[in-house]
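Heads up, the thing below is written out as structure tokens.
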2 protein chains.
Amino acid sequence: MQDPLRRFKADIFQALAHPTRIAILELLGEGELSAGALIEKLGMEQANVSQHLAVLRAKQLVTNRKVGNQVFYSVRDPIIIEVLRLMRSFFHAHLKEAMGMLDEMQKDLAESGR
Amino acid sequence: MQDPLRRFKADIFQALAHPTRIAILELLGEGELSAGALIEKLGMEQANVSQHLAVLRAKQLVTNRKVGNQVFYSVRDPIIIEVLRLMRSFFHAHLKEAMGMLDEMQKDLAESGR
DNA sequence: CTGGAATATTCGCATGTGGTAATATACATT
DNA sequence: AATGTATATTACCACATGCGAATATTCCAG
């Protein structure tokens, strides 16, 4: 009984574990948006954004309603926004180490570019 | 400047996105534990637990101190525990759909077993 | 310094995830 | 019906992740 619950939580975190999906949720946190509006604000490929929306839908983190030609998305439960808010404070609390991690990431990026 | 921040958050969520690591953090939430104690409580392979601990260390979610032969782990920032607590309320709020998801998972499991 | 715990790391493999390009679907307008 | 627009899905490929088995490291006891 313990493990399935944790699998469920892990799946939710998995859904949150992508910068684009975080961006989507943060944008939706301010209110409902159409898929097209999201694509425009993110400045990314249509198919790509649509796939990320599919992930968020599958894990029930967002709801959508169709209006004619368009599909409007919104965050299903404000708890998710709250989680993201907490992560922001976590980030601020660990700004220094985070910078270190970012440096590492940039180094890795540079190396792989050579 | 926006994207690296989200990449950082996504990385943290990624670290949380595994049932074993969630179990580890929940156990550590109640107080410091040695690697050995964790392995015993989890009832999993030593190497496997050690690898998950390595992930949590890399993302700085836990700290460790060596005492002689042993290594004691603890949660680095209570915010993480708070995030897990929020996820619990999320789970309860969506118990029904969650059950549905678990059913799906079990079906998938059963099918792959045939 | 040798043997034995406790823990970490490496390797090889199977599976999962993310991206783009191409295609499909659904609705609206004419 | 035919075309155009908004969105979703599929196919394919590169890369990341998780696991067990084996090996390495670190520290203590004798």
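Chain labels A, B, ... are given in the sequence in which chains occur in the structure tokens; within each chain residues are numbered consecutively from 1, and ligands are likewise numbered from 1 in the order shown.
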Discussion item. For the full set of C-alpha atoms taken in order, report to one decimal the RMSD after fitting chain B onto chain A.
Written reply: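 Fitting chain B to chain A over paired C-alpha atoms yields 0.1 Å.
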Discussion item. I'd like the contact shell of B:Leu16 - 8 Å cut-off, only C-alpha atoms (C1' of nucleotides), skipping same-chain residues fewer than 5 positions apart - returned as number ranges by chain.
Written reply: A: 10, 13-14; B: 21-22
Please produce an output containing N, CA and C atoms for each residue in the selection, written as a PDB file, in the first residue's frame.
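Output (again03.pdb):
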```
ATOM      1  N   ALA A  10       5.671  10.117  -7.423  1.00  0.00           N
ATOM      2  CA  ALA A  10       6.832  10.189  -8.322  1.00  0.00           C
ATOM      3  C   ALA A  10       6.390  10.561  -9.731  1.00  0.00           C
ATOM      4  N   PHE A  13       5.775  14.255  -9.869  1.00  0.00           N
ATOM      5  CA  PHE A  13       7.052  14.980  -9.935  1.00  0.00           C
ATOM      6  C   PHE A  13       7.680  14.823 -11.313  1.00  0.00           C
ATOM      7  N   GLN A  14       7.561  13.633 -11.864  1.00  0.00           N
ATOM      8  CA  GLN A  14       8.089  13.403 -13.204  1.00  0.00           C
ATOM      9  C   GLN A  14       7.458  14.384 -14.197  1.00  0.00           C
TER      10      GLN A  14
ATOM     11  N   ARG B  21      13.425   7.360  -4.082  1.00  0.00           N
ATOM     12  CA  ARG B  21      13.981   8.605  -3.529  1.00  0.00           C
ATOM     13  C   ARG B  21      12.958   9.318  -2.656  1.00  0.00           C
ATOM     14  N   ILE B  22      11.688   9.243  -3.037  1.00  0.00           N
ATOM     15  CA  ILE B  22      10.649   9.818  -2.184  1.00  0.00           C
ATOM     16  C   ILE B  22      10.629   9.085  -0.851  1.00  0.00           C
TER      17      ILE B  22
END
```
Discussion item. Using only C-alpha atoms (C1' of nucleotides) and a cut-off of 12 Å, which residues of chain C sit close to chain B? Please list them as a ChimeraX atom specification.
Written reply: /C:4-10,17
Item to complete: Assign secondary structure with DSSP using the backbone only, and return the residues of stretch 6-113 of chain A in strand (DSSP E) as a PyMOL selection string.
Response: chain A and resi 33-34+62-67+70-75
Discussion item. Could you tell me which residues of chain B sit within 8 Å of chain A when counting only C-alpha atoms, and give me the result as number ranges by chain?
Written reply: B: 3-4, 6-14, 16-20, 22-23, 77, 79-80, 83, 86-88, 90-91, 98, 102
Discussion item. For a test of reading the model, state the distance in Å between atom CA of B:Gly31 and atom CA of B:Ser74, rounded to one decimal.
Written reply: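 That distance, rounded to one decimal, is 6.6 Å.
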Worksheet item: Given a cut-off of 9 Å, which residues of chain D touch chain B, counting only C-alpha atoms (C1' of nucleotides), written out as a list in words?
Response: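 Applying the cut-off to the listed atoms yields DG18, DC19, DG20, DT26, DC27 and DC28 of chain D.
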Dump as a JSON list (two decimals), in the first residue's frame, selection limited to C-alpha atoms (C1' of nucleotides):
```json
[["chain", "number", "residue", "atom", "x", "y", "z"],
["D", 18, "DG", "C1'", 17.40, 2.64, -13.46],
["D", 19, "DC", "C1'", 18.85, -1.83, -12.38],
["D", 20, "DG", "C1'", 21.91, -5.81, -10.83],
["D", 26, "DT", "C1'", 37.32, 3.80, 3.33],
["D", 27, "DC", "C1'", 37.63, 2.84, 7.89],
["D", 28, "DC", "C1'", 37.95, -0.12, 11.97]]
```
Discussion item. Which residues are close to stretch 23-30 of chain C, i.e. within 10 Å by only C-alpha atoms (C1' of nucleotides), leaving aside same-chain residues fewer than 6 positions away? Reply as a VMD selection string.
Written reply: (chain A and resid 67 to 70) or (chain D and resid 2 to 11)
Could you take the residues named above and write them with N, CA, C and O atoms (P, O5', C5', C4', C3', O3' and C1' of nucleotides), as a short mmCIF file (atom, residue, chain, number, x, y, z; two decimals), in the first residue's frame?
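Dumped to part_3.cif:
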```cif
data_model
loop_
_atom_site.label_atom_id
_atom_site.label_comp_id
_atom_site.auth_asym_id
_atom_site.auth_seq_id
_atom_site.Cartn_x
_atom_site.Cartn_y
_atom_site.Cartn_z
N VAL A 67 -13.25 25.59 -27.16
CA VAL A 67 -14.14 26.67 -27.57
C VAL A 67 -13.94 26.82 -29.06
O VAL A 67 -12.93 27.36 -29.49
N GLY A 68 -14.89 26.28 -29.81
CA GLY A 68 -14.76 26.30 -31.26
C GLY A 68 -13.48 25.62 -31.67
O GLY A 68 -13.24 24.46 -31.33
N ASN A 69 -12.67 26.38 -32.31
CA ASN A 69 -11.43 25.87 -32.88
C ASN A 69 -10.31 25.70 -31.86
O ASN A 69 -9.36 24.97 -32.10
N GLN A 70 -10.44 26.35 -30.73
CA GLN A 70 -9.32 26.43 -29.80
C GLN A 70 -9.53 25.58 -28.56
O GLN A 70 -10.65 25.20 -28.22
P DA D 2 -14.94 18.53 -52.56
"O5'" DA D 2 -14.63 20.01 -52.05
"C5'" DA D 2 -14.68 21.12 -52.96
"C4'" DA D 2 -13.76 22.21 -52.47
"C3'" DA D 2 -12.34 21.75 -52.14
"O3'" DA D 2 -11.44 22.76 -52.57
"C1'" DA D 2 -13.34 22.63 -50.19
P DT D 3 -9.85 22.55 -52.26
"O5'" DT D 3 -9.60 23.66 -51.14
"C5'" DT D 3 -10.14 24.98 -51.33
"C4'" DT D 3 -9.87 25.78 -50.08
"C3'" DT D 3 -8.44 25.64 -49.54
"O3'" DT D 3 -7.92 26.93 -49.31
"C1'" DT D 3 -10.03 25.25 -47.82
P DG D 4 -6.46 27.05 -48.61
"O5'" DG D 4 -6.88 27.44 -47.12
"C5'" DG D 4 -7.73 28.57 -46.89
"C4'" DG D 4 -7.78 28.85 -45.42
"C3'" DG D 4 -6.41 28.84 -44.73
"O3'" DG D 4 -6.42 29.82 -43.71
"C1'" DG D 4 -7.78 27.15 -43.79
P DT D 5 -5.08 30.20 -42.93
"O5'" DT D 5 -5.42 29.88 -41.41
"C5'" DT D 5 -6.67 30.27 -40.89
"C4'" DT D 5 -6.90 29.52 -39.59
"C3'" DT D 5 -5.65 29.41 -38.70
"O3'" DT D 5 -6.03 29.78 -37.39
"C1'" DT D 5 -6.64 27.30 -39.00
P DA D 6 -4.96 29.95 -36.21
"O5'" DA D 6 -5.33 28.70 -35.31
"C5'" DA D 6 -6.61 28.66 -34.68
"C4'" DA D 6 -6.71 27.39 -33.87
"C3'" DA D 6 -5.52 27.15 -32.95
"O3'" DA D 6 -6.02 26.81 -31.66
"C1'" DA D 6 -5.87 25.26 -34.36
P DT D 7 -5.00 26.57 -30.46
"O5'" DT D 7 -4.79 25.01 -30.58
"C5'" DT D 7 -5.90 24.16 -30.30
"C4'" DT D 7 -5.59 22.73 -30.63
"C3'" DT D 7 -4.47 22.11 -29.80
"O3'" DT D 7 -5.07 21.27 -28.85
"C1'" DT D 7 -4.47 21.38 -32.07
P DA D 8 -4.18 20.28 -27.94
"O5'" DA D 8 -4.07 18.95 -28.83
"C5'" DA D 8 -5.26 18.37 -29.34
"C4'" DA D 8 -4.95 17.05 -30.03
"C3'" DA D 8 -4.04 16.12 -29.24
"O3'" DA D 8 -4.64 14.84 -29.26
"C1'" DA D 8 -3.17 16.47 -31.42
P DT D 9 -3.94 13.59 -28.56
"O5'" DT D 9 -3.15 12.91 -29.78
"C5'" DT D 9 -3.88 12.55 -30.93
"C4'" DT D 9 -2.95 11.85 -31.90
"C3'" DT D 9 -2.03 10.79 -31.28
"O3'" DT D 9 -2.24 9.59 -32.01
"C1'" DT D 9 -0.81 12.25 -32.66
P DT D 10 -1.46 8.25 -31.64
"O5'" DT D 10 -0.31 8.20 -32.74
"C5'" DT D 10 -0.65 8.34 -34.10
"C4'" DT D 10 0.61 8.26 -34.94
"C3'" DT D 10 1.60 7.17 -34.51
"O3'" DT D 10 1.86 6.35 -35.64
"C1'" DT D 10 2.69 9.27 -34.77
P DA D 11 2.85 5.11 -35.56
"O5'" DA D 11 4.20 5.76 -36.09
"C5'" DA D 11 4.17 6.62 -37.23
"C4'" DA D 11 5.60 6.88 -37.70
"C3'" DA D 11 6.59 5.78 -37.33
"O3'" DA D 11 7.57 5.72 -38.35
"C1'" DA D 11 7.22 7.80 -36.28
#
```
Discussion item. To one decimal place in Å, what is the distance between atom CA of B:Leu25 and atom C1' of C:DC13?
Written reply: 28.5 Å
Response to the item:
If you count only C-alpha atoms, the residue of B:Leu95, B:Val49, B:Leu56, B:Ile39 closest to B:Arg76 turns out to be B:Leu56
Discussion item. Just to confirm, what's the straight-line distance from atom CA of B:Leu42 to atom C1' of D:DA16 in Å (one decimal)?
Written reply: 25.2 Å
Fill in: Shell of 12 Å around A:Glu32, only C-alpha atoms (C1' of nucleotides), local chain residues under 3 positions omitted, as a ChimeraX atom specification
/A:24-29,35-38,62-65,71-76
Can you list, as a PDB file with C-alpha atoms, in the first residue's frame, all residues belonging to chain A that DSSP tags as helix (DSSP H, G or I)?
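After the write, out-v2.pdb holds the following:
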```pdb
ATOM      1  CA  GLN A   2       2.956   2.308   0.521  1.00  0.00           C
ATOM      2  CA  ASP A   3       4.695   1.859  -2.787  1.00  0.00           C
ATOM      3  CA  PRO A   4       1.842   2.610  -5.236  1.00  0.00           C
ATOM      4  CA  LEU A   5       1.236   5.873  -3.396  1.00  0.00           C
ATOM      5  CA  ARG A   6       4.847   6.827  -3.853  1.00  0.00           C
ATOM      6  CA  ARG A   7       4.745   5.777  -7.467  1.00  0.00           C
ATOM      7  CA  PHE A   8       1.833   8.152  -7.891  1.00  0.00           C
ATOM      8  CA  LYS A   9       3.761  11.014  -6.283  1.00  0.00           C
ATOM      9  CA  ALA A  10       6.832  10.189  -8.322  1.00  0.00           C
ATOM     10  CA  ASP A  11       4.738  10.329 -11.485  1.00  0.00           C
ATOM     11  CA  ILE A  12       3.501  13.795 -10.585  1.00  0.00           C
ATOM     12  CA  PHE A  13       7.052  14.980  -9.935  1.00  0.00           C
ATOM     13  CA  GLN A  14       8.089  13.403 -13.204  1.00  0.00           C
ATOM     14  CA  ALA A  15       5.446  15.492 -14.938  1.00  0.00           C
ATOM     15  CA  LEU A  16       6.903  18.586 -13.258  1.00  0.00           C
ATOM     16  CA  PRO A  19      11.540  23.296 -17.820  1.00  0.00           C
ATOM     17  CA  THR A  20       8.907  23.708 -20.511  1.00  0.00           C
ATOM     18  CA  ARG A  21       6.205  22.095 -18.412  1.00  0.00           C
ATOM     19  CA  ILE A  22       7.157  24.280 -15.460  1.00  0.00           C
ATOM     20  CA  ALA A  23       6.936  27.313 -17.724  1.00  0.00           C
ATOM     21  CA  ILE A  24       3.510  26.187 -18.908  1.00  0.00           C
ATOM     22  CA  LEU A  25       2.219  25.743 -15.373  1.00  0.00           C
ATOM     23  CA  GLU A  26       3.635  29.060 -14.257  1.00  0.00           C
ATOM     24  CA  LEU A  27       1.954  30.801 -17.171  1.00  0.00           C
ATOM     25  CA  LEU A  28      -1.328  29.029 -16.482  1.00  0.00           C
ATOM     26  CA  ALA A  35      -2.747  26.287 -26.596  1.00  0.00           C
ATOM     27  CA  GLY A  36      -1.904  28.825 -29.248  1.00  0.00           C
ATOM     28  CA  ALA A  37      -1.284  31.556 -26.689  1.00  0.00           C
ATOM     29  CA  LEU A  38       1.038  29.229 -24.792  1.00  0.00           C
ATOM     30  CA  ILE A  39       2.944  28.340 -27.938  1.00  0.00           C
ATOM     31  CA  GLU A  40       3.383  32.003 -28.706  1.00  0.00           C
ATOM     32  CA  LYS A  41       4.466  32.983 -25.198  1.00  0.00           C
ATOM     33  CA  LEU A  42       6.910  30.095 -25.020  1.00  0.00           C
ATOM     34  CA  GLN A  46       3.721  23.661 -31.839  1.00  0.00           C
ATOM     35  CA  ALA A  47       4.138  19.875 -31.696  1.00  0.00           C
ATOM     36  CA  ASN A  48       6.551  20.128 -28.821  1.00  0.00           C
ATOM     37  CA  VAL A  49       4.274  22.255 -26.663  1.00  0.00           C
ATOM     38  CA  SER A  50       1.340  20.034 -27.539  1.00  0.00           C
ATOM     39  CA  GLN A  51       3.257  16.980 -26.355  1.00  0.00           C
ATOM     40  CA  HIS A  52       4.100  18.638 -23.063  1.00  0.00           C
ATOM     41  CA  LEU A  53       0.436  19.570 -22.656  1.00  0.00           C
ATOM     42  CA  ALA A  54      -0.422  15.937 -23.286  1.00  0.00           C
ATOM     43  CA  VAL A  55       1.850  14.920 -20.407  1.00  0.00           C
ATOM     44  CA  LEU A  56       0.240  17.452 -18.079  1.00  0.00           C
ATOM     45  CA  ARG A  57      -3.206  16.245 -19.158  1.00  0.00           C
ATOM     46  CA  ALA A  58      -2.309  12.604 -18.645  1.00  0.00           C
ATOM     47  CA  PRO A  78      -3.832  25.436  -6.964  1.00  0.00           C
ATOM     48  CA  ILE A  79      -1.749  23.092  -4.824  1.00  0.00           C
ATOM     49  CA  ILE A  80       0.488  22.653  -7.850  1.00  0.00           C
ATOM     50  CA  ILE A  81       1.059  26.388  -8.025  1.00  0.00           C
ATOM     51  CA  GLU A  82       1.818  26.306  -4.327  1.00  0.00           C
ATOM     52  CA  VAL A  83       4.410  23.593  -4.922  1.00  0.00           C
ATOM     53  CA  LEU A  84       6.057  25.737  -7.576  1.00  0.00           C
ATOM     54  CA  ARG A  85       6.014  28.688  -5.196  1.00  0.00           C
ATOM     55  CA  LEU A  86       7.745  26.593  -2.550  1.00  0.00           C
ATOM     56  CA  MET A  87      10.356  25.575  -5.098  1.00  0.00           C
ATOM     57  CA  ARG A  88      11.010  29.229  -5.749  1.00  0.00           C
ATOM     58  CA  SER A  89      11.781  29.808  -2.079  1.00  0.00           C
ATOM     59  CA  PHE A  90      13.934  26.700  -2.101  1.00  0.00           C
ATOM     60  CA  PHE A  91      15.814  28.186  -5.005  1.00  0.00           C
ATOM     61  CA  HIS A  92      16.337  31.464  -3.232  1.00  0.00           C
ATOM     62  CA  ALA A  93      17.454  29.710  -0.066  1.00  0.00           C
ATOM     63  CA  LEU A  95      21.018  30.500  -4.560  1.00  0.00           C
ATOM     64  CA  LYS A  96      24.740  30.025  -4.153  1.00  0.00           C
ATOM     65  CA  GLU A  97      24.864  26.285  -4.638  1.00  0.00           C
ATOM     66  CA  ALA A  98      22.352  26.665  -7.409  1.00  0.00           C
ATOM     67  CA  MET A  99      24.742  29.033  -9.148  1.00  0.00           C
ATOM     68  CA  GLY A 100      27.406  26.401  -8.734  1.00  0.00           C
ATOM     69  CA  MET A 101      25.170  23.837 -10.352  1.00  0.00           C
ATOM     70  CA  LEU A 102      24.392  26.191 -13.195  1.00  0.00           C
ATOM     71  CA  ASP A 103      28.098  26.761 -13.698  1.00  0.00           C
ATOM     72  CA  GLU A 104      28.618  23.010 -13.910  1.00  0.00           C
ATOM     73  CA  MET A 105      25.836  22.770 -16.413  1.00  0.00           C
ATOM     74  CA  GLN A 106      27.374  25.486 -18.533  1.00  0.00           C
ATOM     75  CA  LYS A 107      30.779  23.843 -18.373  1.00  0.00           C
ATOM     76  CA  ASP A 108      29.264  20.537 -19.452  1.00  0.00           C
ATOM     77  CA  LEU A 109      27.511  22.330 -22.245  1.00  0.00           C
ATOM     78  CA  ALA A 110      30.741  23.980 -23.366  1.00  0.00           C
ATOM     79  CA  GLU A 111      32.670  20.722 -23.270  1.00  0.00           C
ATOM     80  CA  SER A 112      30.087  18.831 -25.283  1.00  0.00           C
ATOM     81  CA  GLY A 113      30.261  21.661 -27.803  1.00  0.00           C
TER      82      GLY A 113
END
```
